[in-house]
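*Asks:* Got a structure here, written out as structure tokens. Questions coming.
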Amino acid sequence: MSRVAVTIFINNEWHDAVSKKTFPTINPSTGEVICQVAEGDKEDVDRAVKAARAAFQLGSPWRRMDASERGHLLNRLADLIERDRTYLARSEHLELDASLAVCSALETLDNGKPYLVSYLTDLALVLKCIRYYAGWADKYHGKTVPMDGDFFSYTRHEPVGVCGQIIPWNFPLLMQAWKLSPALATGNVIVMKVAEQTPLTALYVANLVKEAGFPPGVVNIVPGFGSTAGAAIASHEDVDKVAFTGSTEVGHHIQVSAGRSNLKRVTLELGGKSPNIIMSDADMDWAVEQAHSALFFNQGQCCCAGSRVFVQEDVYAEFVERSVIRAKSRVVGNPFDNQTEQGPQVDETQFKKILGYIKSGKEEGAKLMCGGGAAADRGYFVQPTVFGDVQDGMTIAKDEIFGPVMSILKFKTIEEVIRRANNSKYGLAAGVFTKDLDKANYLSQALQAGTVWINCYNIFGPQMPFGGYKMSGHGREMGEYGLQTYTEVKSVVVKVPQKNS
């Protein structure tokens, strides 16, 4: 089992920040400092980009490596993560020494999500993602093209080059896997900026990247702040692509910086205000539980959370009543307790923001059905909150709250709910609950969203692409589609003396 370094990972080595600055990472369950982490900024990003560019030079070990060997290294990385995941499953207590903890436990310590979720959900998806793309490494390729004339013509899928990747704090390990895996499978090199709220697991994985055998400079990880390290990546003249997951506001800045610098390729997975539609013929038991999970999972800190719950009027009262009962039964507390369903929000900023949205909901006339305040005397815990009688124009129905706040809206007809569901600047995901297949198919085609779940929600697999319409971003991650954004297609035309069929 590796130890956790809290400095900057460049060229398979650990470095202090050039400035020697550090910042604290906080345990959201207590508000206490876990440790200090090196604060990377522009100078550190420059060093990381230089290392990545050297690793990408023609003739380098990484560029000459067989595609199948890249797949082998990814499988080796997954094996190492699984090794440490299994080890931690037997751990009952955390010792906050220099090594801290690893994988699942470290994710819970730094992020606040329940340990069982870290272990059973996040880590399981991490392993599946890495192994899925390991399998693609030698199978995503160009083709021969029957061009007119005496020519031999073919295409090559070539790596883009130096990829800047900026990941969020809500699923640190999983978002790292979503970014690393397709980029490495296609032969790119990486400079990754990890969220300042949750840097520890990504830095732990850096140890495993080196242990797996990736050459120096292929993966570089810089902890730091978005306004400095993140901005340096987005505007860097020698970064060929930037991939960002986070808020729409920051996505705007990244798009602008990419355009003002070297027109680097950009993929963005941004915010959402996803509609979850409950038709009157839905299985009510299932719909209530799934809608609860769709909103409250991960403390409501999901970009695709089903945060606008549209319920058809004839079942509205029953659905609200049952949703309130379920929310009141939700267990909030110590994320290392196996009974806990909901841990703390990630930090004080998010905690206060959510409470501000709850205040706004009450002031604008929504009916507070349960919750509405802090759930503990210390730490950043928020009570599971349900609002009824929510109207489309209310702030809580328009803004991405990113917390455990369910807004329930009433509708009459299917055409009405389509219009209202699509009346948002976001288009990341949507849910539909109905027993009528015709309604399900019609809604899935009418809703402006990158993913539509029918009679389920938050179902993810590495085989299916994920991304948004409108201001929820552009480009897709996961699936075969996720490889496209990490490759350039080159056409090669060779004159031959004679072409035969």
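Residues in the structure tokens are numbered from 1 in each chain, the chains being A, B, ... in the order shown, and ligands are numbered from 1 in the order shown.
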For Val266 in chain A, find every residue with an atom within 8 Å (counting only C-alpha atoms), except residues of its own chain fewer than 3 positions away, and show them as number ranges by chain.
*Replies:* A: 241-244, 255, 258
*Asks:* Restricting it to C-alpha atoms, dump the selection as a short mmCIF file (atom, residue, chain, number, x, y, z; two decimals), in the first residue's frame.
*Replies:*
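Generated file (selection.cif):
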data_model
loop_
_atom_site.label_atom_id
_atom_site.label_comp_id
_atom_site.auth_asym_id
_atom_site.auth_seq_id
_atom_site.Cartn_x
_atom_site.Cartn_y
_atom_site.Cartn_z
CA LYS A 241 -6.91 20.20 -25.25
CA VAL A 242 -8.70 20.97 -22.02
CA ALA A 243 -11.43 18.83 -20.47
CA PHE A 244 -13.40 20.34 -17.60
CA GLN A 255 -14.04 28.37 -23.29
CA ALA A 258 -9.07 28.43 -24.87
#
*Asks:* Could the residues of range 297-334 of chain A that have an atom at most 9 Å from range 405-410 of chain A be listed as a Markdown table, each with its closest atom pair and the distance in Å to one decimal, counting only C-alpha atoms and ordered by chain and ascending residue number?
*Replies:*
| residue | atom | partner | partner_atom | distance |
| --- | --- | --- | --- | --- |
| A:Gly300 | CA | A:Val405 | CA | 7.2 |
| A:Gly306 | CA | A:Met406 | CA | 8.3 |
| A:Ser307 | CA | A:Met406 | CA | 5.8 |
| A:Arg308 | CA | A:Ser407 | CA | 5.5 |
| A:Val309 | CA | A:Ile408 | CA | 4.7 |
| A:Phe310 | CA | A:Leu409 | CA | 4.8 |
| A:Val311 | CA | A:Lys410 | CA | 5.1 |
| A:Gln312 | CA | A:Lys410 | CA | 5.8 |
| A:Glu313 | CA | A:Lys410 | CA | 5.6 |
| A:Tyr316 | CA | A:Lys410 | CA | 6.5 |
| A:Val320 | CA | A:Ile408 | CA | 7.4 |
*Asks:* Find the nearest atom pair between each residue of range 96-170 of chain A and range 456-473 of chain A for residues within 10 Å, count only C-alpha atoms, give distances in Å to one decimal, sort rows by chain and ascending number, and present the table as CSV.
*Replies:*
residue,atom,partner,partner_atom,distance
A:Leu125,CA,A:Gly461,CA,7.3
A:Val126,CA,A:Pro462,CA,9.1
A:Leu127,CA,A:Pro462,CA,9.8
A:Lys128,CA,A:Pro462,CA,6.7
A:Cys129,CA,A:Pro462,CA,5.1
A:Ile130,CA,A:Pro462,CA,8.6
A:Arg131,CA,A:Pro462,CA,9.2
A:Tyr132,CA,A:Pro462,CA,6.5
A:Tyr133,CA,A:Pro462,CA,8.3
*Asks:* Please, which residues in range 235-323 of chain A fall within 8 Å of range 415-434 of chain A when counting only C-alpha atoms, and what is the closest atom pair and distance in Å to one decimal for each, ordered by chain then residue number, as a Markdown table?
*Replies:*
| residue | atom | partner | partner_atom | distance |
| --- | --- | --- | --- | --- |
| A:Leu270 | CA | A:Leu428 | CA | 8.0 |
| A:Gly271 | CA | A:Tyr426 | CA | 6.9 |
| A:Gly272 | CA | A:Tyr426 | CA | 5.2 |
| A:Lys273 | CA | A:Tyr426 | CA | 6.0 |
| A:Ser274 | CA | A:Ala430 | CA | 5.2 |
| A:Pro275 | CA | A:Ala430 | CA | 5.0 |
| A:Asn276 | CA | A:Gly431 | CA | 4.3 |
| A:Ile277 | CA | A:Val432 | CA | 4.7 |
| A:Ile278 | CA | A:Phe433 | CA | 5.0 |
| A:Met279 | CA | A:Thr434 | CA | 5.4 |
| A:Ser280 | CA | A:Thr434 | CA | 7.4 |
| A:Asp281 | CA | A:Thr434 | CA | 5.6 |
| A:Ala282 | CA | A:Thr434 | CA | 4.2 |
| A:Asp283 | CA | A:Thr434 | CA | 7.2 |
| A:Ala287 | CA | A:Phe433 | CA | 6.4 |
| A:Cys303 | CA | A:Leu428 | CA | 7.8 |
| A:Cys304 | CA | A:Ala429 | CA | 5.6 |
| A:Gly306 | CA | A:Ala430 | CA | 6.9 |
| A:Phe310 | CA | A:Val417 | CA | 7.3 |
*Asks:* Write a file of the just-selected residues containing all heavy atoms, as a compact mmCIF listing (two decimals), in the first residue's frame.
*Replies:*
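Output (result-v5.txt):
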# COMPACT_ATOMS: atom_id res chain seq x y z
N LEU A 270 -20.92 20.37 -17.63
CA LEU A 270 -21.22 21.49 -16.75
C LEU A 270 -22.46 21.21 -15.89
O LEU A 270 -22.79 20.07 -15.60
CB LEU A 270 -21.36 22.76 -17.58
CG LEU A 270 -20.17 23.06 -18.51
CD1 LEU A 270 -20.45 24.28 -19.38
CD2 LEU A 270 -18.88 23.22 -17.72
N GLY A 271 -23.13 22.27 -15.49
CA GLY A 271 -24.21 22.15 -14.53
C GLY A 271 -25.50 21.59 -15.12
O GLY A 271 -25.62 21.36 -16.32
N GLY A 272 -26.44 21.37 -14.24
CA GLY A 272 -27.73 20.86 -14.66
C GLY A 272 -28.84 21.27 -13.71
O GLY A 272 -28.59 21.64 -12.56
N LYS A 273 -30.05 21.22 -14.20
CA LYS A 273 -31.26 21.40 -13.40
C LYS A 273 -32.27 20.41 -13.95
O LYS A 273 -33.27 20.76 -14.58
CB LYS A 273 -31.77 22.84 -13.49
CG LYS A 273 -32.83 23.17 -12.42
CD LYS A 273 -32.25 23.16 -11.01
CE LYS A 273 -33.31 23.52 -9.97
NZ LYS A 273 -32.77 23.41 -8.60
N SER A 274 -31.98 19.14 -13.73
CA SER A 274 -32.62 18.07 -14.48
C SER A 274 -34.05 17.81 -14.05
O SER A 274 -34.33 17.66 -12.85
CB SER A 274 -31.80 16.80 -14.36
OG SER A 274 -30.50 17.00 -14.87
N PRO A 275 -34.97 17.74 -15.02
CA PRO A 275 -36.36 17.40 -14.70
C PRO A 275 -36.52 15.89 -14.48
O PRO A 275 -35.93 15.08 -15.19
CB PRO A 275 -37.12 17.84 -15.96
CG PRO A 275 -36.11 17.68 -17.06
CD PRO A 275 -34.78 18.01 -16.45
N ASN A 276 -37.31 15.54 -13.50
CA ASN A 276 -37.67 14.14 -13.24
C ASN A 276 -39.19 14.08 -13.25
O ASN A 276 -39.85 14.63 -12.36
CB ASN A 276 -37.10 13.69 -11.89
CG ASN A 276 -37.20 12.20 -11.71
OD1 ASN A 276 -37.51 11.46 -12.65
ND2 ASN A 276 -36.96 11.73 -10.49
N ILE A 277 -39.75 13.43 -14.26
CA ILE A 277 -41.19 13.50 -14.53
C ILE A 277 -41.89 12.25 -14.03
O ILE A 277 -41.55 11.13 -14.43
CB ILE A 277 -41.42 13.67 -16.05
CG1 ILE A 277 -40.78 14.99 -16.52
CG2 ILE A 277 -42.90 13.64 -16.38
CD1 ILE A 277 -40.73 15.13 -18.02
N ILE A 278 -42.87 12.44 -13.16
CA ILE A 278 -43.63 11.34 -12.58
C ILE A 278 -45.04 11.38 -13.17
O ILE A 278 -45.85 12.24 -12.83
CB ILE A 278 -43.71 11.45 -11.04
CG1 ILE A 278 -42.34 11.79 -10.43
CG2 ILE A 278 -44.29 10.16 -10.46
CD1 ILE A 278 -41.27 10.77 -10.66
N MET A 279 -45.32 10.46 -14.09
CA MET A 279 -46.65 10.38 -14.68
C MET A 279 -47.61 9.70 -13.70
O MET A 279 -47.20 8.95 -12.81
CB MET A 279 -46.60 9.62 -16.01
CG MET A 279 -45.65 10.19 -17.04
SD MET A 279 -46.03 11.88 -17.54
CE MET A 279 -47.61 11.64 -18.37
N SER A 280 -48.89 9.94 -13.88
CA SER A 280 -49.88 9.44 -12.92
C SER A 280 -49.97 7.92 -12.92
O SER A 280 -50.45 7.33 -11.94
CB SER A 280 -51.26 10.03 -13.24
OG SER A 280 -51.66 9.71 -14.56
N ASP A 281 -49.51 7.26 -13.99
CA ASP A 281 -49.58 5.79 -14.03
C ASP A 281 -48.31 5.12 -13.51
O ASP A 281 -48.17 3.90 -13.59
CB ASP A 281 -49.85 5.32 -15.46
CG ASP A 281 -48.70 5.62 -16.41
OD1 ASP A 281 -47.88 6.52 -16.08
OD2 ASP A 281 -48.61 4.97 -17.46
N ALA A 282 -47.37 5.90 -12.98
CA ALA A 282 -46.11 5.34 -12.50
C ALA A 282 -46.33 4.43 -11.31
O ALA A 282 -47.28 4.59 -10.53
CB ALA A 282 -45.14 6.46 -12.13
N ASP A 283 -45.45 3.46 -11.13
CA ASP A 283 -45.40 2.65 -9.92
C ASP A 283 -44.98 3.58 -8.78
O ASP A 283 -43.83 4.01 -8.71
CB ASP A 283 -44.40 1.52 -10.11
CG ASP A 283 -44.26 0.61 -8.90
OD1 ASP A 283 -44.39 1.10 -7.75
OD2 ASP A 283 -44.02 -0.59 -9.08
N ALA A 287 -41.33 5.01 -7.88
CA ALA A 287 -41.08 6.39 -8.28
C ALA A 287 -40.64 7.25 -7.10
O ALA A 287 -39.73 8.07 -7.23
CB ALA A 287 -42.33 6.98 -8.92
N CYS A 303 -24.25 16.79 -10.67
CA CYS A 303 -24.62 17.69 -11.76
C CYS A 303 -25.91 17.25 -12.43
O CYS A 303 -26.65 18.08 -12.98
CB CYS A 303 -23.49 17.76 -12.77
SG CYS A 303 -22.94 16.16 -13.37
N CYS A 304 -26.21 15.94 -12.39
CA CYS A 304 -27.41 15.43 -13.06
C CYS A 304 -28.55 15.15 -12.09
O CYS A 304 -29.52 14.48 -12.44
CB CYS A 304 -27.07 14.16 -13.83
SG CYS A 304 -26.39 12.84 -12.81
N GLY A 306 -31.86 14.89 -10.09
CA GLY A 306 -33.25 15.15 -10.51
C GLY A 306 -33.87 16.19 -9.61
O GLY A 306 -34.72 15.89 -8.77
N PHE A 310 -41.31 16.93 -11.46
CA PHE A 310 -42.62 17.26 -12.01
C PHE A 310 -43.55 16.07 -11.79
O PHE A 310 -43.29 14.97 -12.27
CB PHE A 310 -42.52 17.55 -13.50
CG PHE A 310 -41.84 18.85 -13.84
CD1 PHE A 310 -40.49 18.89 -14.15
CD2 PHE A 310 -42.56 20.04 -13.87
CE1 PHE A 310 -39.86 20.08 -14.48
CE2 PHE A 310 -41.95 21.24 -14.19
CZ PHE A 310 -40.60 21.27 -14.49
*Asks:* As a VMD selection string, please: all residues of range 13-236 of chain A that backbone DSSP puts in strand (DSSP E or B).
*Replies:* chain A and resid 13 to 15 22 to 27 32 to 38 40 144 to 145 151 to 159 162 to 166 189 to 194 219 to 224
*Asks:* Restricting it to N, CA and C atoms, dump the selection as a compact mmCIF listing (two decimals), in the first residue's frame.
*Replies:*
# COMPACT_ATOMS: atom_id res chain seq x y z
N GLU A 13 7.69 12.25 -10.14
CA GLU A 13 8.38 12.69 -8.92
C GLU A 13 7.49 13.67 -8.17
N TRP A 14 7.78 13.81 -6.89
CA TRP A 14 7.01 14.72 -6.03
C TRP A 14 7.78 16.01 -5.79
N HIS A 15 7.09 17.13 -5.93
CA HIS A 15 7.71 18.44 -5.82
C HIS A 15 6.87 19.35 -4.93
N THR A 22 1.19 26.44 0.55
CA THR A 22 0.32 25.29 0.78
C THR A 22 -1.08 25.80 1.10
N PHE A 23 -2.06 24.90 1.05
CA PHE A 23 -3.41 25.23 1.47
C PHE A 23 -3.97 24.06 2.27
N PRO A 24 -4.93 24.32 3.16
CA PRO A 24 -5.47 23.23 3.97
C PRO A 24 -6.57 22.48 3.23
N THR A 25 -6.63 21.17 3.40
CA THR A 25 -7.80 20.42 2.99
C THR A 25 -8.56 20.03 4.25
N ILE A 26 -9.88 20.15 4.19
CA ILE A 26 -10.72 20.13 5.39
C ILE A 26 -11.56 18.85 5.44
N ASN A 27 -11.70 18.30 6.63
CA ASN A 27 -12.65 17.21 6.87
C ASN A 27 -14.04 17.84 7.02
N GLU A 32 -12.44 20.44 10.56
CA GLU A 32 -11.05 20.49 10.98
C GLU A 32 -10.12 20.22 9.80
N VAL A 33 -8.90 20.75 9.92
CA VAL A 33 -7.90 20.57 8.87
C VAL A 33 -7.37 19.14 8.92
N ILE A 34 -7.35 18.48 7.76
CA ILE A 34 -6.74 17.16 7.65
C ILE A 34 -5.23 17.30 7.51
N CYS A 35 -4.81 18.13 6.56
CA CYS A 35 -3.39 18.35 6.32
C CYS A 35 -3.23 19.54 5.38
N GLN A 36 -2.00 19.94 5.17
CA GLN A 36 -1.68 20.98 4.21
C GLN A 36 -1.23 20.34 2.89
N VAL A 37 -1.63 20.96 1.77
CA VAL A 37 -1.33 20.43 0.45
C VAL A 37 -0.61 21.52 -0.36
N ALA A 38 0.36 21.10 -1.15
CA ALA A 38 1.09 22.06 -1.98
C ALA A 38 0.13 22.80 -2.90
N GLY A 40 -0.25 24.51 -6.14
CA GLY A 40 0.30 24.76 -7.46
C GLY A 40 -0.33 25.99 -8.10
N THR A 144 -8.95 1.99 -43.99
CA THR A 144 -8.59 2.26 -45.38
C THR A 144 -9.82 2.78 -46.10
N VAL A 145 -9.58 3.70 -47.04
CA VAL A 145 -10.67 4.39 -47.73
C VAL A 145 -10.50 4.20 -49.24
N PHE A 151 -4.45 5.53 -55.85
CA PHE A 151 -3.99 5.98 -54.54
C PHE A 151 -4.34 4.94 -53.49
N PHE A 152 -3.46 4.82 -52.51
CA PHE A 152 -3.75 4.04 -51.31
C PHE A 152 -4.04 5.05 -50.20
N SER A 153 -5.25 5.03 -49.71
CA SER A 153 -5.69 6.07 -48.77
C SER A 153 -6.16 5.44 -47.47
N TYR A 154 -5.79 6.08 -46.38
CA TYR A 154 -6.21 5.57 -45.08
C TYR A 154 -6.25 6.70 -44.06
N THR A 155 -6.90 6.46 -42.95
CA THR A 155 -6.95 7.43 -41.86
C THR A 155 -6.23 6.86 -40.65
N ARG A 156 -5.69 7.77 -39.86
CA ARG A 156 -5.06 7.42 -38.57
C ARG A 156 -5.79 8.16 -37.45
N HIS A 157 -5.98 7.49 -36.34
CA HIS A 157 -6.47 8.15 -35.13
C HIS A 157 -5.25 8.45 -34.26
N GLU A 158 -4.86 9.71 -34.22
CA GLU A 158 -3.66 10.10 -33.48
C GLU A 158 -4.04 10.83 -32.19
N PRO A 159 -3.24 10.66 -31.13
CA PRO A 159 -3.54 11.38 -29.89
C PRO A 159 -3.45 12.89 -30.10
N VAL A 162 -0.91 17.09 -25.46
CA VAL A 162 -0.94 17.46 -24.04
C VAL A 162 -2.37 17.85 -23.68
N CYS A 163 -2.98 17.09 -22.79
CA CYS A 163 -4.37 17.32 -22.39
C CYS A 163 -4.43 17.88 -20.98
N GLY A 164 -4.96 19.08 -20.85
CA GLY A 164 -5.25 19.62 -19.53
C GLY A 164 -6.59 19.09 -19.07
N GLN A 165 -6.64 18.63 -17.85
CA GLN A 165 -7.88 18.06 -17.31
C GLN A 165 -8.14 18.68 -15.93
N ILE A 166 -9.33 19.20 -15.76
CA ILE A 166 -9.70 19.89 -14.52
C ILE A 166 -10.92 19.18 -13.95
N VAL A 189 -0.90 12.59 -23.26
CA VAL A 189 -0.24 12.89 -21.99
C VAL A 189 -1.08 13.92 -21.25
N ILE A 190 -0.94 13.98 -19.93
CA ILE A 190 -1.94 14.67 -19.12
C ILE A 190 -1.30 15.61 -18.10
N VAL A 191 -1.92 16.78 -17.97
CA VAL A 191 -1.69 17.67 -16.83
C VAL A 191 -3.04 17.87 -16.17
N MET A 192 -3.21 17.33 -14.98
CA MET A 192 -4.50 17.35 -14.30
C MET A 192 -4.47 18.30 -13.10
N LYS A 193 -5.49 19.17 -13.05
CA LYS A 193 -5.69 20.03 -11.88
C LYS A 193 -6.82 19.45 -11.07
N VAL A 194 -6.55 19.09 -9.83
CA VAL A 194 -7.58 18.49 -8.98
C VAL A 194 -8.23 19.56 -8.11
N VAL A 219 1.59 11.30 -16.92
CA VAL A 219 0.54 11.81 -16.02
C VAL A 219 1.19 12.75 -15.02
N ASN A 220 0.68 13.97 -14.96
CA ASN A 220 1.16 14.98 -14.02
C ASN A 220 -0.04 15.55 -13.29
N ILE A 221 0.04 15.69 -11.97
CA ILE A 221 -1.12 16.12 -11.18
C ILE A 221 -0.72 17.31 -10.32
N VAL A 222 -1.48 18.40 -10.50
CA VAL A 222 -1.20 19.66 -9.82
C VAL A 222 -2.38 20.05 -8.95
N PRO A 223 -2.27 19.95 -7.63
CA PRO A 223 -3.33 20.51 -6.78
C PRO A 223 -3.22 22.03 -6.75
N GLY A 224 -4.35 22.68 -6.61
CA GLY A 224 -4.32 24.14 -6.59
C GLY A 224 -5.71 24.70 -6.81
*Asks:* Just the residues within 12 Å of Thr349 in chain A, please, counting only C-alpha atoms, with nothing from its chain fewer than 2 positions along; format it as a ChimeraX atom specification.
*Replies:* /A:26,28,31,197,345-347,351-356,379-380,402-403
*Asks:* Between CA of Glu211 in chain A and CA of Tyr119 in chain A, what distance in Å does the model show, to one decimal?
*Replies:* 21.8 Å
*Asks:* Give the answer as one residue: which of A:Lys42, A:Gly393, A:Asp148, A:Thr108 has the shortest atom-to-atom distance to Val494 in chain A, using only C-alpha atoms?
*Replies:*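 Among the listed residues, A:Asp148 lies closest to Val494 in chain A.
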